[in-house]
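Report on one structure; see the data block that follows.
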Amino acid sequence: MATEALPSGYEPAEVESRWIDYWREHKTFTPDPDGPGDPYCIVIPPPNVTGALHMGHALDITLQDILCRFHRQLGRKVLWVPGTDHAGIATQNVVERALAAEGKTREDLGREKFIERVWEWRAQYGGRIVNQIKRLGASVDWTRERFTMDEGLSRAVREVFVRLFEEGLIYRGDYIINWCPRCQTALADLEVEFAPHASKIYHIRYPVQGTERFVTVATTRPETMLGDTAVAVHPEDERYADLIGASVILPLVGRVIPVIADAYVEREFGTGCLKVTPAHDMNDFELGRKHGLACISVMDGSGTINDEAPETYRGLDRLACRQAVLDDLSALGLLEAVKDYEHNVGECYRCKTVIEPFVSKQWFVRAAPLAAVARKAVEDGRTNIYPEQWTKTYYDWLDNIRDWCISRQIWWGHRIPAWTCEDCGELIVARTDPASCPKCAGSRLVRDEDVLDTWFSSALWPFSTLGWPDDTPEVRAFYPTSVLVTGFDILFFWVARMMMMGLHFRDDVPFREVYIHALVRDAEGKKMSKSTGNVIDPLVMVDRYGTDALRFTLTSFAAMGRDIKLSEERIQGYRNFVNKLWNAARFSLMNLGEDIPEVDLAVAAKIGPAHAWILDRLETVKEAVSGALSGYRFNEATQELYGFLWHEFCDWYLEMVKVDMSSGDEARIAAAKRVLWTVLSELLTLLHPIMPFVTQEIWSRLPGVSQPDLALMPFPAARPHLRTEAAAAAMELLRQVVVGVRNIRAELGISPALKLTALVRTTSEAETASLAACEELIRFLARLERFEVGTEVVAPKASAAAAAGGCALFVPLAGAVDFTSELARLAKEEAKVAKELDMVEKKLHNESFTSRAPAEVVEKEREKARAAHEKLDRLQELTTRIQGLMEA
């Protein structure tokens, strides 16, 4: 069957759509767990079902896809598991906003109807990010797509919860947690984001009982003083030594509270006196437990002052209460000072509401025992983290871990499998919904209202997605997974927790390696954000330049441990690289024909020096690309491939192969076709993991291929017998001669159509033989009428000279250059540049300009001056050279 020619231009949209469908229909990326090859598995960091693709996702997906496609080429059975996260708080907020637009609340619907509404939303919009991931060419197994709320994963979540509870690693208790008054739910420490706030610090006088004295405390949240149960001072603070054990009267409340001593108090901060409010501050809560203080909560879950506060403040919002408290303190003469204060304040990571520390009954995982095992697994090398610098961060977090609050007061999520018997108070935690109380046989069971933290189900992702708790073929074949590719921002949220859960429930690490990629920033290195307007939308870039251009750009800048500075111009530039490949393939296909001759490559290398060189270079590139991708040095792989395709294959080999193709010698033509086909086919294979679409499209038109699906082709085998330093040295010398002639032609304005003579004086017979063997190529590439080479070559009169390696290159100019006209042209150009330079320098010597003009404008003029000086130097040097040639 005749091979269809490539169109003149590459149009990405149609090509990408067609191959996405082809790979899905042919189940190219669906491995057999019991099939041949060593397993290689990646689980995709599940994006939120509410999410839209951003550039961080695009980088994440691209790097994972490169690894998966590369390891398929190495003969491994590769499973890349796709899926999405139910994103509890985020998804519930989206649906609640939709209800608000209808004038309704979730309470209007009730829990069951609200959950139905969320599932409807997910069915309608939840596939958006999945479709966007498909557009990036992700070679995931879509037949195994998972969702953290699907039936299988829900069963895994329940099994883990029950087992941890049975082992005493999950417990329920009153504890102070981060609370979002807007979302009305608990937040884990990691779900609190800190942002700088311009605030005030208030100095408040507390009367010492039975005296005329006061102690002054400093606070940023005066409304919480209504719940104070002590004042604390440092035990060695001489200012307050006589007050330790005394009592003060809490202003506005009248409650008598003790003065306690604790080394936790910073003597240098504020006044050295600390108000202790156990129900409204994390550290105060611990102080309260240590000293046996009462824990009085004066706010409810919405941030409204409750009945534990004096009646005058009840029902006020926390900020309104703050102002009322300050007004009342001021009226009593107890507000001593108000000072400006800049500090970081915790906010809800979803809605940015300032969080409140809140004491409530919550569910917790005892994290310390799990963290110790997770730490040791990295210490022992069972899991390696790249770049290595993130290992210390991982250790620091595990070493300072607190118990993990896993309950959330929302409706969307995995509901906690716990019931309380209303008859006897028994707490029941079960794998299946109980019908009666196992203690008293009562049937009045009330299920816990809370759901689990989203990260609880995500922590099970590496094994729950493979079918655990069942002993599935996927679990047996693909756990532990091979590598996790992710951003540093979820090293704690997700990576460490997967380590804890994987080691506990599978007795092995969830992944052998973790590759932490850097951030994608704008061209100036600033973080991309909608507010600053510097966001680059990956889907817009795909529409404009094609997926392969975006992927190659991201990979080119993905140096380990270094942030990526991205601009649209860079993506546009790599679109040119895609076009370069396309045009090189068009030329190759037009010259290859339908039948590729069976010529031994070693024989072909002896027929032509260009073949020997390109085959040697191909072996070097194959080795470099394999090593770079194996070591997560993605940018090095692209640098090798870019240089090889553009500067060696296109700029040199495709030009040189024309000589063989037009020689009329059947043996030379057959050798040229075989080498050209080999280099192009293996180059497509090497590029495929990075640029899957354009390479597959070209591959589909390539004659002589046995496997139509490039994604299933093996990595090109090494041919060490084709490695030769002599071929590389010969080509380097050839290139220097050709470039030398081209530079002389360009400098002196000699027409490209005029054929010249070139002579090379060599330093050895070996150099002479090498260049003589390449004479036909040199004459073709440098457009020469005559070429002479030898150790005794003498430069003719009026010859331009240049160095070519250790050799001397001469180009006779008699008849090729009109020296008089050229000197006149140079003089005219020199006068023009000198005039421009004079104008710029006058401006720069004008103090009024340099002192008043913007710095960037002044610098631009200085750059103009530097460029003009350099151009003048070049023109004067060339004038001197021509004058010398005229005298020769």
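Labels used: A, B, ... for chains in the order of the structure tokens, numbers from 1 for residues in each chain, and numbers from 1 for ligands as shown.
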8 Å contact set for A:Phe492, only C-alpha atoms, chain neighbours under 3 positions out, as a PyMOL selection string | chain A and resi 190+394+397+489+495-497
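Secondary structure by DSSP on the backbone puts the following residues of stretch 57-167 of chain A in strand (DSSP E or B): Lys77, Val78, Leu79, Trp80, Val81, Gly83, Thr84, Asp85, Arg146 and Phe147 of chain A.
Comparing the minimum interatomic distances between A:Lys527 and each of A:Cys41, A:Met55, A:Leu334, A:Val811, counting only C-alpha atoms, we find that A:Met55 sits nearest.
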Residues within 7 Å of stretch 448-455 of chain A, only C-alpha atoms, excluding chain neighbours under 3 positions, as JSON, numbers by chain | {"A": [87, 88, 406, 407, 408, 409, 410, 411, 413, 414, 415, 416, 418, 419, 458, 459, 493, 494]}
Print the selection's residues with C-alpha atoms to a file, as a CSV table (one decimal), in the first residue's frame.
chain,number,residue,atom,x,y,z
A,87,ALA,CA,-12.8,17.8,46.8
A,88,GLY,CA,-15.2,18.0,49.7
A,406,ILE,CA,-10.0,14.0,59.9
A,407,SER,CA,-13.6,15.0,60.5
A,408,ARG,CA,-15.4,17.8,58.5
A,409,GLN,CA,-18.7,19.4,59.2
A,410,ILE,CA,-20.0,19.3,55.6
A,411,TRP,CA,-22.3,16.9,53.7
A,413,GLY,CA,-17.7,13.4,51.3
A,414,HIS,CA,-17.2,10.0,52.8
A,415,ARG,CA,-19.5,9.9,55.8
A,416,ILE,CA,-17.8,8.7,59.0
A,418,ALA,CA,-19.8,5.7,63.3
A,419,TRP,CA,-23.1,5.4,65.1
A,458,SER,CA,-6.5,10.6,48.8
A,459,ALA,CA,-4.0,9.1,51.2
A,493,PHE,CA,-1.0,17.2,52.4
A,494,TRP,CA,-0.6,14.1,50.3
Identify, on the basis of only C-alpha atoms, every residue whose closest approach to stretch 26-33 of chain A does not exceed 8 Å; exclude the query and any residue fewer than 2 positions from it along the same chain; express the result as a list of chain:residue names.
->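 Here the qualifying residues turn out to be A:Tyr22, A:Trp23, A:Arg24, A:Gly35, A:Lys77, A:Val78, A:Leu79, A:Ser139, A:Val140, A:Asp141, A:Trp142, A:Thr143, A:Pro473, A:Glu474, A:Ala477, A:Phe478, A:Ala711, A:Leu712.
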Atom CA of A:Val233 to atom CA of A:Val265, straight-line distance in Å =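 Interatomic distance here is 5.9 Å.
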Of the candidates A:Phe114, A:Tyr264, A:Glu513, A:Asp242, which shows the shortest atom-to-atom distance to A:Asn283, using only C-alpha atoms?
-> A:Tyr264
For A:Trp179, list every protein, DNA or RNA residue within 12 Å, evaluated using only C-alpha atoms, and leave out those in the same chain fewer than 6 positions away; present the list as a ChimeraX atom specification.
-> /A:185-189,191-192,279-282,299-303,346-349,352-360,362,405,407-409
Using DSSP on the backbone, list every residue of stretch 576-649 of chain A that comes out as helix (DSSP H, G or I), and give them as number ranges by chain.
-> A: 576-592, 601-607, 609-630, 634-649
Neighbour list for stretch 749-762 of chain A as a ChimeraX atom specification, cut-off 10 Å, only C-alpha atoms, skip fewer than 3 positions in-chain | /A:737-738,740-746,765-769,771,778-780,782-796,799-813,815-818,822
Dump N, CA and C atoms for the selected residues as a short mmCIF file (atom, residue, chain, number, x, y, z; two decimals), in the first residue's frame?
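Output contents, as saved in selection.cif:
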data_model
loop_
_atom_site.label_atom_id
_atom_site.label_comp_id
_atom_site.auth_asym_id
_atom_site.auth_seq_id
_atom_site.Cartn_x
_atom_site.Cartn_y
_atom_site.Cartn_z
N VAL A 737 35.51 23.89 7.72
CA VAL A 737 35.89 24.38 6.40
C VAL A 737 34.69 25.03 5.72
N VAL A 738 33.55 24.35 5.72
CA VAL A 738 32.35 24.87 5.06
C VAL A 738 31.89 26.17 5.71
N GLY A 740 33.71 28.23 7.39
CA GLY A 740 34.70 29.26 7.08
C GLY A 740 34.45 29.90 5.73
N VAL A 741 34.18 29.08 4.72
CA VAL A 741 33.89 29.61 3.38
C VAL A 741 32.62 30.45 3.42
N ARG A 742 31.58 29.94 4.10
CA ARG A 742 30.31 30.67 4.17
C ARG A 742 30.47 32.02 4.86
N ASN A 743 31.30 32.07 5.90
CA ASN A 743 31.50 33.33 6.62
C ASN A 743 32.22 34.36 5.74
N ILE A 744 33.22 33.89 5.00
CA ILE A 744 33.93 34.79 4.08
C ILE A 744 32.97 35.32 3.03
N ARG A 745 32.15 34.44 2.49
CA ARG A 745 31.18 34.85 1.46
C ARG A 745 30.23 35.92 2.04
N ALA A 746 29.76 35.70 3.27
CA ALA A 746 28.80 36.64 3.88
C ALA A 746 29.47 37.97 4.21
N GLU A 765 49.00 14.31 7.15
CA GLU A 765 48.46 13.54 6.03
C GLU A 765 47.08 12.99 6.38
N ALA A 766 46.85 12.72 7.69
CA ALA A 766 45.55 12.21 8.12
C ALA A 766 44.46 13.25 7.85
N GLU A 767 44.76 14.53 8.15
CA GLU A 767 43.80 15.60 7.87
C GLU A 767 43.56 15.73 6.37
N THR A 768 44.64 15.60 5.61
CA THR A 768 44.52 15.69 4.15
C THR A 768 43.61 14.60 3.63
N ALA A 769 43.81 13.36 4.11
CA ALA A 769 43.00 12.23 3.65
C ALA A 769 41.55 12.40 4.05
N LEU A 771 39.85 15.22 4.60
CA LEU A 771 39.17 16.25 3.80
C LEU A 771 39.04 15.82 2.34
N ILE A 778 32.11 18.85 0.48
CA ILE A 778 32.56 20.21 0.74
C ILE A 778 32.23 21.12 -0.44
N ARG A 779 32.49 20.63 -1.63
CA ARG A 779 32.20 21.44 -2.82
C ARG A 779 30.71 21.75 -2.92
N PHE A 780 29.87 20.76 -2.57
CA PHE A 780 28.42 20.97 -2.64
C PHE A 780 27.94 21.95 -1.57
N ALA A 782 29.67 24.16 0.28
CA ALA A 782 30.27 25.50 0.28
C ALA A 782 30.13 26.19 -1.08
N ARG A 783 29.50 25.50 -2.06
CA ARG A 783 29.31 26.03 -3.41
C ARG A 783 30.66 26.42 -4.02
N LEU A 784 31.50 25.38 -4.22
CA LEU A 784 32.85 25.59 -4.73
C LEU A 784 32.98 25.05 -6.15
N GLU A 785 33.76 25.76 -6.95
CA GLU A 785 34.14 25.30 -8.29
C GLU A 785 35.32 24.32 -8.17
N ARG A 786 36.23 24.67 -7.24
CA ARG A 786 37.44 23.85 -7.08
C ARG A 786 37.81 23.80 -5.60
N PHE A 787 38.33 22.64 -5.18
CA PHE A 787 38.77 22.47 -3.80
C PHE A 787 40.13 21.78 -3.81
N GLU A 788 41.05 22.36 -3.08
CA GLU A 788 42.40 21.79 -3.02
C GLU A 788 42.80 21.64 -1.56
N VAL A 789 43.45 20.53 -1.23
CA VAL A 789 43.84 20.28 0.15
C VAL A 789 45.20 19.61 0.19
N GLY A 790 46.02 19.95 1.16
CA GLY A 790 47.34 19.33 1.30
C GLY A 790 48.18 20.08 2.31
N THR A 791 49.29 19.48 2.69
CA THR A 791 50.17 20.09 3.69
C THR A 791 51.04 21.19 3.09
N GLU A 792 51.14 21.21 1.75
CA GLU A 792 52.01 22.19 1.09
C GLU A 792 51.23 23.31 0.41
N VAL A 793 49.95 23.40 0.66
CA VAL A 793 49.13 24.42 0.00
C VAL A 793 49.64 25.82 0.35
N VAL A 794 49.72 26.68 -0.71
CA VAL A 794 50.16 28.06 -0.52
C VAL A 794 49.01 28.99 -0.88
N ALA A 795 48.82 30.04 -0.09
CA ALA A 795 47.72 30.98 -0.32
C ALA A 795 48.02 31.84 -1.54
N PRO A 796 47.10 31.88 -2.51
CA PRO A 796 47.28 32.77 -3.66
C PRO A 796 47.17 34.22 -3.20
N SER A 799 43.81 36.64 -1.25
CA SER A 799 42.95 35.57 -0.72
C SER A 799 42.47 35.93 0.68
N ALA A 800 41.24 35.63 0.94
CA ALA A 800 40.71 35.73 2.32
C ALA A 800 41.14 34.49 3.07
N ALA A 801 41.46 34.64 4.34
CA ALA A 801 41.94 33.50 5.12
C ALA A 801 41.11 33.32 6.38
N ALA A 802 41.03 32.07 6.83
CA ALA A 802 40.33 31.76 8.07
C ALA A 802 40.90 30.46 8.63
N ALA A 803 40.72 30.26 9.92
CA ALA A 803 41.16 29.01 10.55
C ALA A 803 40.03 28.00 10.46
N ALA A 804 40.40 26.75 10.21
CA ALA A 804 39.44 25.63 10.22
C ALA A 804 40.06 24.54 11.07
N GLY A 805 39.75 24.58 12.36
CA GLY A 805 40.44 23.68 13.27
C GLY A 805 41.89 24.10 13.33
N GLY A 806 42.81 23.15 13.13
CA GLY A 806 44.23 23.48 13.09
C GLY A 806 44.71 23.80 11.69
N CYS A 807 43.80 23.75 10.73
CA CYS A 807 44.16 23.99 9.33
C CYS A 807 43.95 25.45 8.96
N ALA A 808 44.59 25.84 7.82
CA ALA A 808 44.41 27.20 7.30
C ALA A 808 43.57 27.13 6.04
N LEU A 809 42.53 27.96 6.00
CA LEU A 809 41.61 28.00 4.85
C LEU A 809 41.85 29.28 4.07
N PHE A 810 41.95 29.12 2.74
CA PHE A 810 42.14 30.29 1.87
C PHE A 810 41.09 30.29 0.78
N VAL A 811 40.52 31.48 0.51
CA VAL A 811 39.56 31.65 -0.58
C VAL A 811 40.06 32.77 -1.48
N PRO A 812 40.57 32.44 -2.69
CA PRO A 812 41.01 33.49 -3.62
C PRO A 812 39.83 34.39 -3.99
N LEU A 813 40.08 35.70 -3.98
CA LEU A 813 38.98 36.65 -4.20
C LEU A 813 39.04 37.37 -5.55
N GLY A 815 38.34 38.39 -8.98
CA GLY A 815 37.18 38.13 -9.81
C GLY A 815 35.90 37.91 -9.02
N ALA A 816 36.06 37.66 -7.72
CA ALA A 816 34.87 37.42 -6.90
C ALA A 816 34.42 38.68 -6.18
N VAL A 817 35.37 39.58 -5.92
CA VAL A 817 35.04 40.78 -5.16
C VAL A 817 35.60 42.00 -5.90
N ASP A 818 34.78 43.05 -6.08
CA ASP A 818 35.22 44.33 -6.60
C ASP A 818 35.68 45.15 -5.39
N GLU A 822 33.62 47.65 -2.90
CA GLU A 822 33.38 47.19 -1.54
C GLU A 822 33.90 48.19 -0.52
#
Point out the residue among A:Ile669, A:Pro469, A:Cys183, A:Ser482 with the least atom-to-atom distance to A:Gly593, counting only C-alpha atoms.
->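 Nearest to A:Gly593: A:Ile669.
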Interatomic distance between atom CA of A:Pro181 and atom CA of A:Lys275?
-> 23.2 Å
Identify, on the basis of only C-alpha atoms, every residue whose closest approach to stretch 224-226 of chain A does not exceed 9 Å; exclude the query and any residue fewer than 2 positions from it along the same chain; express the result as number ranges by chain.
-> A: 219, 221-222, 228-229, 250-253, 275-277, 279-280, 296-299, 308-310, 318, 322, 325
Pick from A:Ala123, A:Leu781, A:Ala602, A:Leu539, whichever lies nearest to A:His721 using only C-alpha atoms =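 Checking each of A:Ala123, A:Leu781, A:Ala602, A:Leu539 against A:His721, counting only C-alpha atoms, the winner is A:Ala602.
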